[in-house]
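Chemist: One structure, pasted below without further comment.
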Amino acid sequence: MQIKSKLPDVGTTIFTVMSKMASDHQAINLAQGFPNFPVDQRLVDQIANNLNKPYHQYAPMPGNPNLLLALSELTEKHYGRQTPQEEILVCAGATQAIYTAIQALVHPGEEVIIIDPAYDCYDPAVRMAGAKAVHIPMLVGFEMDWDRIEQSIHEQTRMLIVNNPHNPSGRVFRQSDVEALRSIMQKHPHLLLLSDEVYEYISFDEAHHSAHELKEFRDRILVVSSFGKSFHITGWKLGYLISDEALMKEIKKVHQFLVFSVNNLAQQSLADYLNLIDLSELAGFYKQKRDHFAGLIAPGRFRLLPSEGTYFQALDYSEISKEKDTEFVQRMVREHGVAAIPMSAFYASENHDRVIRLCFAKDEETLEKAAEKLCRI
Ligand SMILES: Cc1ncc(COP(=O)(O)O)c(C=O)c1O
């Protein structure tokens, strides 16, 4: 039978390709963004404590009530936003939160603005909703091109997706970015803003500017978070979404038929763990890794681009090679034993910058071994 694909141009993601190459060549995998150090023992203890408690059946559809309460308190503590539980939805990772929100709120024929380089789950979700993804590239230095974004908004534009702190560049919003967003939301009252803030607690020098700050437009804003990034547990696939209740009502309609609810034992354990920890310590933890890694590779021939947040370091290799980034990363794995992601993988159109992305959410030994190899290139 001839299968008519809904996403004909989607193949295996670059993350899978590079991780496989890393393992085939026994290379150090700094490609995919996941930590390789143990999770906090206190979180593991919560799971153990809860194993014999009644958390083995379905959680309520929007989330385990104890977790919703803990998230409401967390949002108030970090953003000063009072968030009733009706405005929070616990999802199977940020990916499901984003997909669900787009399916619920974006209609066929509408447009969604995506800023390139972009995390790879936005574009297919927009197309699955029958809408058009409009890709706007960032300016040199990964600055947001607010003028061009503004000019691209018209009647059919339903949503703007932003990601801050930004994967893959490591750039973070300044106050001026928040003001530019505010002005756009003001001028376009039909526009929804989906703010992917999965690295919200990993901003090194600038305090994180959340879309929660745009208080006057809360009825049109969705903020996405991920426990995977904040607690080094990407494999748990748990995250959440915060939005105004009217938007949330529509999102829940889709969520209940997509997953209904997510792992209850994990949700309860996260609720207990949230009462024990202080997320403001996370940025310091990764800043130490960033500085250590940057110091180790500085003597080499790569040029370090600013990593202001996330756990990614972008490197410019134009002094080393004229190869395309897709070719360069393959040669890096084969000949030098380090796997990275080519920046062009995050663009919808051709991109010829000679930049690669490395993940430094790794233990010291891994970072040191990788840096040694990188310095020999
Ligand atoms: C910017 C961004 N958004 C969303 C996600 C997906 O997060 P999750 O694993 O919670 O689905 C990631 C994961 O790498 C990401 O980097």
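Identifiers in this document derive from the order of the structure tokens: chains are assigned A, B, ..., residues are numbered from 1 separately in each chain, and ligands are numbered from 1 in order of occurrence.
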Would you tabulate, counting only C-alpha atoms and all ligand atoms, all residues of chain A that have an atom at most 10 Å from an atom of ligand 1, showing the closest pair of atoms and their distance in Å to one decimal, sorted by chain then ascending number, as a tab-separated table?

Modeler:
residue	atom	partner	partner_atom_place_in_ligand_line	distance
A:Phe15	CA	ligand 1	14 (O)	9.9
A:Gln32	CA	ligand 1	14 (O)	8.1
A:Gly33	CA	ligand 1	14 (O)	5.9
A:Phe34	CA	ligand 1	14 (O)	7.8
A:Cys91	CA	ligand 1	10 (O)	8.5
A:Ala92	CA	ligand 1	11 (O)	6.9
A:Gly93	CA	ligand 1	10 (O)	3.4
A:Ala94	CA	ligand 1	10 (O)	3.8
A:Thr95	CA	ligand 1	11 (O)	3.7
A:Gln96	CA	ligand 1	11 (O)	6.4
A:Ala97	CA	ligand 1	11 (O)	7.8
A:Ile98	CA	ligand 1	4 (C)	7.9
A:Tyr99	CA	ligand 1	11 (O)	9.8
A:Ala118	CA	ligand 1	1 (C)	7.6
A:Tyr119	CA	ligand 1	1 (C)	5.2
A:Asp120	CA	ligand 1	2 (C)	8.2
A:Cys121	CA	ligand 1	4 (C)	7.4
A:Tyr122	CA	ligand 1	3 (N)	8.6
A:Val162	CA	ligand 1	1 (C)	9.2
A:Asn163	CA	ligand 1	1 (C)	6.0
A:Asn164	CA	ligand 1	1 (C)	7.8
A:Pro165	CA	ligand 1	1 (C)	8.0
A:His166	CA	ligand 1	1 (C)	6.4
A:Asn167	CA	ligand 1	1 (C)	5.0
A:Pro168	CA	ligand 1	16 (O)	7.5
A:Ser195	CA	ligand 1	3 (N)	9.6
A:Asp196	CA	ligand 1	3 (N)	5.9
A:Glu197	CA	ligand 1	1 (C)	7.1
A:Val198	CA	ligand 1	3 (N)	5.8
A:Tyr199	CA	ligand 1	1 (C)	7.4
A:Val224	CA	ligand 1	4 (C)	8.1
A:Ser225	CA	ligand 1	10 (O)	7.2
A:Ser226	CA	ligand 1	10 (O)	4.4
A:Phe227	CA	ligand 1	10 (O)	6.5
A:Gly228	CA	ligand 1	10 (O)	5.3
A:Lys229	CA	ligand 1	10 (O)	7.0
A:Ser230	CA	ligand 1	10 (O)	9.6
A:Ile233	CA	ligand 1	9 (O)	8.8
A:Thr234	CA	ligand 1	9 (O)	5.5
A:Gly235	CA	ligand 1	9 (O)	7.5
A:Trp236	CA	ligand 1	9 (O)	8.3
A:Lys237	CA	ligand 1	10 (O)	5.4
A:Leu238	CA	ligand 1	10 (O)	5.7
A:Gly239	CA	ligand 1	10 (O)	5.3
A:Tyr240	CA	ligand 1	10 (O)	8.4
A:Thr310	CA	ligand 1	16 (O)	8.4
A:Tyr311	CA	ligand 1	16 (O)	9.4
A:Phe312	CA	ligand 1	16 (O)	9.6

Chemist: So that I can check the surroundings of Ser19 (chain A), please list as an mmCIF file with N, CA and C atoms, in the first residue's frame every protein, DNA and RNA residue that reaches within 10 Å of it, counting only C-alpha atoms and ignoring chain neighbours fewer than 5 positions away.

Modeler:
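Saved result, selection.cif, follows:
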data_model
loop_
_atom_site.group_PDB
_atom_site.id
_atom_site.type_symbol
_atom_site.label_atom_id
_atom_site.label_comp_id
_atom_site.auth_asym_id
_atom_site.auth_seq_id
_atom_site.Cartn_x
_atom_site.Cartn_y
_atom_site.Cartn_z
ATOM 1 N N ILE A 14 18.929 14.343 13.835
ATOM 2 C CA ILE A 14 20.392 14.454 13.897
ATOM 3 C C ILE A 14 20.917 13.960 15.258
ATOM 4 N N ASP A 24 29.115 3.953 17.658
ATOM 5 C CA ASP A 24 29.837 3.127 16.677
ATOM 6 C C ASP A 24 31.347 3.382 16.725
ATOM 7 N N HIS A 25 31.724 4.650 16.945
ATOM 8 C CA HIS A 25 33.155 5.002 16.927
ATOM 9 C C HIS A 25 33.739 5.148 18.333
ATOM 10 N N ALA A 27 33.127 7.232 20.513
ATOM 11 C CA ALA A 27 33.505 8.639 20.712
ATOM 12 C C ALA A 27 32.821 9.183 21.967
ATOM 13 N N ILE A 28 33.319 10.307 22.470
ATOM 14 C CA ILE A 28 32.660 10.949 23.617
ATOM 15 C C ILE A 28 31.449 11.692 23.067
ATOM 16 N N ASN A 29 30.285 11.414 23.653
ATOM 17 C CA ASN A 29 29.055 11.982 23.100
ATOM 18 C C ASN A 29 28.686 13.302 23.774
ATOM 19 N N LEU A 30 29.101 14.405 23.152
ATOM 20 C CA LEU A 30 28.661 15.720 23.650
ATOM 21 C C LEU A 30 27.582 16.257 22.710
ATOM 22 N N ALA A 31 26.991 15.362 21.930
ATOM 23 C CA ALA A 31 25.997 15.780 20.942
ATOM 24 C C ALA A 31 24.635 15.959 21.600
ATOM 25 N N GLN A 32 24.065 14.856 22.073
ATOM 26 C CA GLN A 32 22.715 14.941 22.626
ATOM 27 C C GLN A 32 22.729 15.612 23.997
ATOM 28 N N ALA A 339 31.644 13.630 19.594
ATOM 29 C CA ALA A 339 30.419 13.871 18.816
ATOM 30 C C ALA A 339 29.790 15.201 19.208
ATOM 31 N N ALA A 340 29.400 15.984 18.186
ATOM 32 C CA ALA A 340 28.753 17.284 18.399
ATOM 33 C C ALA A 340 27.561 17.371 17.456
ATOM 34 N N ILE A 341 26.770 18.427 17.583
ATOM 35 C CA ILE A 341 25.641 18.637 16.668
ATOM 36 C C ILE A 341 25.977 19.836 15.765
#

Chemist: Report as a PyMOL selection string all protein, DNA and RNA residues lying within 10 Å of Lys187 (chain A), evaluated on only C-alpha atoms, omitting residues in the same chain fewer than 4 positions from it.

Modeler: chain A and resi 150+153+181-183+191

Chemist: Got a sec: who's within 9 Å of Pro35 (chain A), counting only C-alpha atoms, leaving out chain neighbours fewer than 4 positions off, as a list of chain:residue names?

Modeler: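 Close residues of Pro35 (chain A): A:Val39, A:Lys229, A:His232, A:Ile233, A:Thr234, A:Cys359, A:Phe360, A:Ala361, A:Lys362, A:Asp363.
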
Chemist: Restricted to N, CA and C atoms, what would the selected residues look like written as a PDB file, in the first residue's frame?

Modeler:
ATOM      1  N   VAL A  39      21.642  11.314  39.398  1.00  0.00           N
ATOM      2  CA  VAL A  39      20.651  12.273  39.892  1.00  0.00           C
ATOM      3  C   VAL A  39      20.801  12.389  41.399  1.00  0.00           C
ATOM      4  N   LYS A 229      15.243  18.882  32.458  1.00  0.00           N
ATOM      5  CA  LYS A 229      16.379  19.812  32.450  1.00  0.00           C
ATOM      6  C   LYS A 229      16.712  20.286  33.863  1.00  0.00           C
ATOM      7  N   HIS A 232      17.992  16.969  36.070  1.00  0.00           N
ATOM      8  CA  HIS A 232      18.891  15.985  35.436  1.00  0.00           C
ATOM      9  C   HIS A 232      18.186  14.646  35.208  1.00  0.00           C
ATOM     10  N   ILE A 233      16.914  14.688  34.828  1.00  0.00           N
ATOM     11  CA  ILE A 233      16.163  13.431  34.653  1.00  0.00           C
ATOM     12  C   ILE A 233      15.455  13.441  33.299  1.00  0.00           C
ATOM     13  N   THR A 234      16.234  13.610  32.226  1.00  0.00           N
ATOM     14  CA  THR A 234      15.596  13.706  30.902  1.00  0.00           C
ATOM     15  C   THR A 234      14.798  12.441  30.573  1.00  0.00           C
ATOM     16  N   CYS A 359      27.338  19.712  24.357  1.00  0.00           N
ATOM     17  CA  CYS A 359      26.618  19.707  25.635  1.00  0.00           C
ATOM     18  C   CYS A 359      27.634  19.512  26.759  1.00  0.00           C
ATOM     19  N   PHE A 360      27.633  20.430  27.735  1.00  0.00           N
ATOM     20  CA  PHE A 360      28.592  20.280  28.846  1.00  0.00           C
ATOM     21  C   PHE A 360      27.937  19.786  30.144  1.00  0.00           C
ATOM     22  N   ALA A 361      26.747  19.172  30.014  1.00  0.00           N
ATOM     23  CA  ALA A 361      26.106  18.566  31.193  1.00  0.00           C
ATOM     24  C   ALA A 361      26.731  17.193  31.424  1.00  0.00           C
ATOM     25  N   LYS A 362      28.025  17.180  31.668  1.00  0.00           N
ATOM     26  CA  LYS A 362      28.758  15.922  31.785  1.00  0.00           C
ATOM     27  C   LYS A 362      29.658  15.986  33.010  1.00  0.00           C
ATOM     28  N   ASP A 363      30.081  14.813  33.492  1.00  0.00           N
ATOM     29  CA  ASP A 363      30.980  14.821  34.654  1.00  0.00           C
ATOM     30  C   ASP A 363      32.362  15.351  34.235  1.00  0.00           C
TER      31      ASP A 363
END

Chemist: Could you find all residues in region 73-186 of chain A that DSSP calls helix (DSSP H, G or I) from the backbone, and write them as a VMD selection string?

Modeler: chain A and resid 73 to 79 85 to 87 93 to 105 122 to 128 140 to 142 146 to 152 175 to 186

Chemist: Return the single residue from A:Met248, A:Leu7, A:Met21, A:His292 that is closest to Val329 (chain A), with distances computed using only C-alpha atoms.

Modeler: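 Between A:Met248, A:Leu7, A:Met21, A:His292, the residue approaching Val329 (chain A) most closely is A:Met21.
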
Chemist: Select, from A:Ile377, A:Phe328, A:Asn66, A:Thr366, the residue with the minimum atom-to-atom distance to Phe37 (chain A), counting only C-alpha atoms.

Modeler: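 The shortest atom-to-atom distance to Phe37 (chain A) comes from A:Thr366.
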
Chemist: Just how far from CA of Ile102 (chain A) is CA of Val126 (chain A), in Å to one decimal?

Modeler: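 About the pair CA of Val126 (chain A) and CA of Ile102 (chain A): they are 6.5 Å apart.
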
Chemist: Mind checking which residues fall within 12 Å of Val10 (chain A), counting only C-alpha atoms, ignoring those fewer than 6 positions away in the same chain, and posting them as a ChimeraX atom specification?

Modeler: /A:120-121,123-125,127-128,348

Chemist: Could you state the separation of CA of Val172 (chain A) and CA of Leu89 (chain A) in Å, given to one decimal place?

Modeler: 25.2 Å

Chemist: Leaving out Pro65 (chain A) and any residue of its chain fewer than 5 positions from it, which residues lie within 10 Å of it when counting only C-alpha atoms, given as a ChimeraX atom specification?

Modeler: /A:59-60,70-71,85,267-268,271

Chemist: Pick out the closest residue to His352 (chain A) from this set: A:Gln57, A:His107, A:Glu323, A:Ala246. Count only C-alpha atoms.

Modeler: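 Ranking A:Gln57, A:His107, A:Glu323, A:Ala246 by distance to His352 (chain A), first place goes to A:Glu323.
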